[in-house]
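Source file: input-v1.csv; contents: CSV, C-alpha atoms.
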chain,number,residue,atom,x,y,z
I,1,MET,CA,117.5,162.1,100.7
I,2,PRO,CA,119.4,165.1,99.3
I,3,LYS,CA,118.3,168.6,100.0
I,4,PRO,CA,116.8,170.1,96.8
I,5,GLU,CA,119.1,172.2,94.6
I,6,ALA,CA,118.3,175.8,95.2
I,7,PRO,CA,116.5,177.1,92.1
I,8,ARG,CA,118.0,180.3,90.6
I,9,ARG,CA,115.6,183.1,89.8
I,10,GLY,CA,114.7,183.0,86.1
I,11,ALA,CA,116.9,180.0,85.5
I,12,VAL,CA,116.0,177.2,83.1
I,13,GLU,CA,115.6,173.9,84.8
I,14,PRO,CA,118.8,171.8,84.5
I,15,PHE,CA,118.7,168.8,82.1
I,16,TRP,CA,118.8,166.2,84.9
I,17,ARG,CA,115.5,167.5,86.2
I,18,THR,CA,113.8,167.7,82.8
I,19,LYS,CA,115.1,164.7,80.9
I,20,THR,CA,114.8,161.0,81.4
I,21,LEU,CA,118.0,159.0,81.5
I,22,GLU,CA,117.3,157.8,77.9
I,23,ALA,CA,116.8,161.3,76.6
I,24,MET,CA,120.2,162.6,77.7
I,25,THR,CA,122.9,163.3,75.2
I,26,PRO,CA,126.2,161.4,75.7
I,27,SER,CA,127.8,164.5,77.2
I,28,GLU,CA,124.9,165.0,79.6
I,29,TRP,CA,125.0,161.3,80.6
I,30,GLU,CA,128.8,161.4,81.3
I,31,SER,CA,128.4,164.7,83.3
I,32,LEU,CA,126.1,162.9,85.7
I,33,CYS,CA,129.1,161.0,87.1
I,34,ASP,CA,130.4,162.9,90.1
I,35,GLY,CA,133.7,161.2,90.0
I,36,CYS,CA,133.4,159.7,93.5
I,37,GLY,CA,134.8,156.3,92.4
I,38,ARG,CA,132.5,154.3,94.7
I,39,CYS,CA,131.1,152.2,91.8
I,40,CYS,CA,134.7,151.2,90.9
I,41,LEU,CA,135.3,149.4,94.2
I,42,MET,CA,135.5,145.7,94.2
I,43,LYS,CA,132.3,144.0,95.3
I,44,LEU,CA,131.6,140.6,96.7
I,45,GLU,CA,128.2,138.9,96.3
I,46,ASP,CA,127.0,136.4,98.9
I,47,GLU,CA,126.1,133.3,96.9
I,48,ASP,CA,123.4,132.4,99.4
I,49,THR,CA,121.6,135.7,99.9
I,50,GLY,CA,122.6,137.7,96.8
I,51,ALA,CA,123.7,140.5,99.1
I,52,VAL,CA,126.5,142.7,97.6
I,53,HIS,CA,129.3,143.9,99.9
I,54,HIS,CA,131.6,146.7,98.9
I,55,THR,CA,135.3,146.5,99.7
I,56,ASP,CA,137.9,149.3,100.0
I,57,ILE,CA,139.8,147.9,97.1
I,58,GLY,CA,139.7,149.7,93.7
I,59,CYS,CA,139.5,148.3,90.3
I,60,THR,CA,142.9,147.9,88.6
I,61,LEU,CA,142.1,151.0,86.5
I,62,LEU,CA,140.8,153.2,89.4
I,63,ASP,CA,143.1,156.1,90.2
I,64,GLY,CA,142.9,156.6,93.9
I,65,LEU,CA,143.8,160.3,93.7
I,66,THR,CA,141.5,161.5,90.9
I,67,CYS,CA,138.9,158.8,91.6
I,68,ARG,CA,138.6,158.3,87.8
I,69,CYS,CA,139.3,155.5,85.5
I,70,ARG,CA,142.9,155.5,84.1
I,71,ASP,CA,141.7,154.2,80.7
I,72,TYR,CA,138.0,155.0,80.5
I,73,ALA,CA,137.7,154.6,76.7
I,74,ARG,CA,139.1,151.0,76.8
I,75,ARG,CA,138.0,150.0,80.3
I,76,GLN,CA,135.7,147.2,79.1
I,77,LYS,CA,138.4,145.7,76.9
I,78,ARG,CA,140.9,145.8,79.8
I,79,VAL,CA,138.5,144.9,82.6
I,80,PRO,CA,136.0,142.5,81.0
I,81,ASP,CA,133.7,142.5,84.1
I,82,CYS,CA,133.5,146.3,84.2
I,83,VAL,CA,129.9,147.3,84.3
I,84,ARG,CA,129.0,149.9,81.7
I,85,LEU,CA,126.3,152.2,83.0
I,86,THR,CA,123.3,152.5,80.7
I,87,PRO,CA,119.8,153.6,81.5
I,88,GLU,CA,118.8,149.9,81.6
I,89,ALA,CA,121.7,149.0,83.9
I,90,VAL,CA,121.0,152.0,86.2
I,91,ARG,CA,117.4,150.7,86.6
I,92,SER,CA,118.5,147.2,87.5
I,93,ILE,CA,121.7,147.6,89.6
I,94,ALA,CA,121.0,147.6,93.3
I,95,TRP,CA,124.5,148.4,94.4
I,96,LEU,CA,124.8,151.9,93.0
I,97,PRO,CA,125.8,154.2,95.9
I,98,PRO,CA,123.0,156.2,97.5
I,99,THR,CA,124.8,159.4,96.5
I,100,CYS,CA,125.0,158.3,92.8
I,101,ALA,CA,123.5,160.9,90.4
I,102,TYR,CA,122.4,158.2,88.0
I,103,ARG,CA,120.4,156.6,90.9
I,104,LEU,CA,119.1,159.9,92.1
I,105,VAL,CA,117.9,161.0,88.7
I,106,ARG,CA,116.4,157.5,88.2
I,107,ASP,CA,114.5,157.9,91.4
I,108,GLY,CA,113.4,161.5,90.7
I,109,GLN,CA,115.5,162.9,93.5
I,110,PRO,CA,117.6,166.1,93.4
I,111,LEU,CA,121.4,166.1,93.2
I,112,TYR,CA,123.4,166.8,96.2
I,113,PRO,CA,124.9,170.4,96.6
I,114,TRP,CA,128.4,168.9,96.3
I,115,HIS,CA,127.7,167.3,92.9
I,116,PRO,CA,129.9,169.1,90.3
I,117,LEU,CA,126.9,169.9,88.2
I,118,VAL,CA,125.4,171.8,91.1
I,119,SER,CA,128.5,173.2,92.7
I,120,GLY,CA,130.2,174.0,89.4
I,121,ARG,CA,133.5,172.5,90.7
I,122,ALA,CA,134.9,169.0,90.2
I,123,ALA,CA,136.7,169.1,93.5
I,124,SER,CA,133.5,169.5,95.6
I,125,VAL,CA,132.9,165.7,95.6
I,126,HIS,CA,136.3,165.2,97.3
I,127,GLU,CA,136.0,168.2,99.6
I,128,ALA,CA,132.6,166.8,100.8
I,129,GLY,CA,134.3,163.5,101.7
I,130,ILE,CA,132.1,161.5,99.2
I,131,SER,CA,134.8,160.2,97.0
I,132,VAL,CA,137.1,157.2,97.6
I,133,ARG,CA,140.1,159.5,97.8
I,134,GLY,CA,142.2,158.6,100.9
I,135,ARG,CA,140.0,155.5,101.6
I,136,LEU,CA,141.4,152.9,99.3
I,137,SER,CA,143.6,150.1,100.6
I,138,GLY,CA,144.9,149.6,97.1
I,139,ASN,CA,143.9,148.2,93.8
I,140,GLU,CA,142.8,144.7,93.0
I,141,GLU,CA,146.1,143.4,91.8
I,142,GLU,CA,147.6,144.1,95.2
I,143,PHE,CA,145.3,141.6,97.0
I,144,SER,CA,144.6,137.9,96.7
I,145,GLU,CA,141.1,136.6,96.4
I,146,ASP,CA,141.3,135.2,99.9
I,147,GLU,CA,142.0,138.7,101.3
I,148,LEU,CA,138.9,140.3,99.8
I,149,PRO,CA,136.4,139.3,102.6
I,150,ASP,CA,138.7,141.1,105.1
I,151,ARG,CA,138.4,144.3,103.0
I,152,ILE,CA,134.6,144.6,103.2
I,153,VAL,CA,133.5,148.0,104.3
I,154,ASP,CA,130.1,149.7,104.8
I,155,TRP,CA,130.9,153.3,103.8
I,156,PRO,CA,130.4,153.0,100.0
I,157,GLY,CA,126.8,152.0,100.4
I,158,LEU,CA,126.0,154.7,103.0
I,159,ASP,CA,124.8,158.2,102.5
I,160,PRO,CA,127.3,160.3,104.4
I,161,THR,CA,125.0,163.2,104.5
I,162,ALA,CA,122.1,161.3,106.2
I,163,ALA,CA,121.6,162.2,109.8

Have the structure of the file written as structure tokens, please.
Amino acid sequence: MPKPEAPRRGAVEPFWRTKTLEAMTPSEWESLCDGCGRCCLMKLEDEDTGAVHHTDIGCTLLDGLTCRCRDYARRQKRVPDCVRLTPEAVRSIAWLPPTCAYRLVRDGQPLYPWHPLVSGRAASVHEAGISVRGRLSGNEEEFSEDELPDRIVDWPGLDPTAA
């Protein structure tokens, strides 16, 4: 569980502490994304158990350096199985990373100190080692479907700050 953000004396509570996911403006919603890229990793679902396994392979549109989508505005046209995060989706998706701000807000938890909304710096997610930067084996077009099970990794589903 994240350590609470340090309240500033006389400061107004930040929107993510006072608004529901549904009440956020589009810009507030988008700003919740910390840019880690973990949700943009290829995932495999076990047909027997329903368990979801992350791989170290990025979506074809995931930029491994910026950890952002190369064509965010048209991502769902270019990648039909791209999951668009909405309040409803955030409430039903079990595979969101434990560090995901959408998940934390959904669960009434504080954001991590490295989250750009808290730190005030976009690079803090990379500096904290949370993002996929330097961890990708490549993008999905570089691997065959048969190779995907060999690329399963645990780190995207782990909280790296948990002791």

## Note on the structure
Atom pair CA of Leu85 (chain I) + CA of Val52 (chain I), distance 17.4 Å

### Query
Just how far from CA of Met24 (chain I) is CA of Tyr112 (chain I), in Å to one decimal?
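Between these atoms lies a distance of 19.2 Å.
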
### Nearby residues (only C-alpha atoms) at most 10 Å from Pro116 (chain I), same-chain spacing under 6 positions excluded, as a list in words
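My reading of the contact set: Ser31, Leu32, Cys33, Asp34, Gly35, Ala122, Ala123, Ser124 and Val125 of chain I.
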
Filtering to C-alpha atoms, could you give me those residues as a compact mmCIF listing (two decimals), in the coordinates of the input?
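Written output follows (out37.txt):
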# COMPACT_ATOMS: atom_id res chain seq x y z
CA SER I 31 128.40 164.70 83.30
CA LEU I 32 126.10 162.90 85.70
CA CYS I 33 129.10 161.00 87.10
CA ASP I 34 130.40 162.90 90.10
CA GLY I 35 133.70 161.20 90.00
CA ALA I 122 134.90 169.00 90.20
CA ALA I 123 136.70 169.10 93.50
CA SER I 124 133.50 169.50 95.60
CA VAL I 125 132.90 165.70 95.60

### Using only C-alpha atoms: which of I:Glu13, I:Trp114, I:Glu145, I:Pro87 has the shortest distance to Thr25 (chain I)
I:Pro87

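For the pair CA of Gly134 (chain I) and CA of Pro97 (chain I), the separation is 17.7 Å.
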
Please build the interface table for region 87-161 of chain I against region 38-43 of chain I with a cut-off of 8 Å, listing for each qualifying residue the nearest atom pair and the distance in Å to one decimal; count all atoms listed in the file, order rows by chain and increasing number, and write it as a tab-separated table.
residue	atom	partner	partner_atom	distance
I:Leu96	CA	I:Cys39	CA	6.4
I:Pro97	CA	I:Arg38	CA	6.8
I:Ser131	CA	I:Arg38	CA	6.7
I:Val132	CA	I:Arg38	CA	6.2
I:Glu140	CA	I:Met42	CA	7.5
I:Pro156	CA	I:Arg38	CA	5.8

### Task
Point out the residue among I:Arg151, I:Arg106, I:His115, I:His126 with the least atom-to-atom distance to Arg68 (chain I), counting only C-alpha atoms.
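Counting only C-alpha atoms, the residue closest to Arg68 (chain I) is I:His126.
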
#### Entry: Nearest to Glu30 (chain I) by atom-to-atom distance, counting all atoms listed in the file, from I:Gly50, I:Pro149, I:Arg84, I:Leu61
I:Arg84

### Task
For each of I:Ser137, I:Gly108, I:Ser144, I:Ala101, take the minimum atom-to-atom distance to Thr20 (chain I), counting all atoms listed in the file, then give the residue where this is smallest.
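So, comparing all the options, the nearest one is I:Gly108.
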
### Task
For each of I:Gly58, I:Gly157, I:Pro14, I:Pro110, take the minimum atom-to-atom distance to Ala94 (chain I), counting all atoms listed in the file, then give the residue where this is smallest.
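Ranked by minimum distance to Ala94 (chain I), first place goes to I:Gly157.
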
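Residue nearest Trp95 (chain I) within the list I:Ile130, I:Cys69, I:Leu158, I:Ile57: I:Leu158 [criterion: smallest interatomic distance, all atoms listed in the file].
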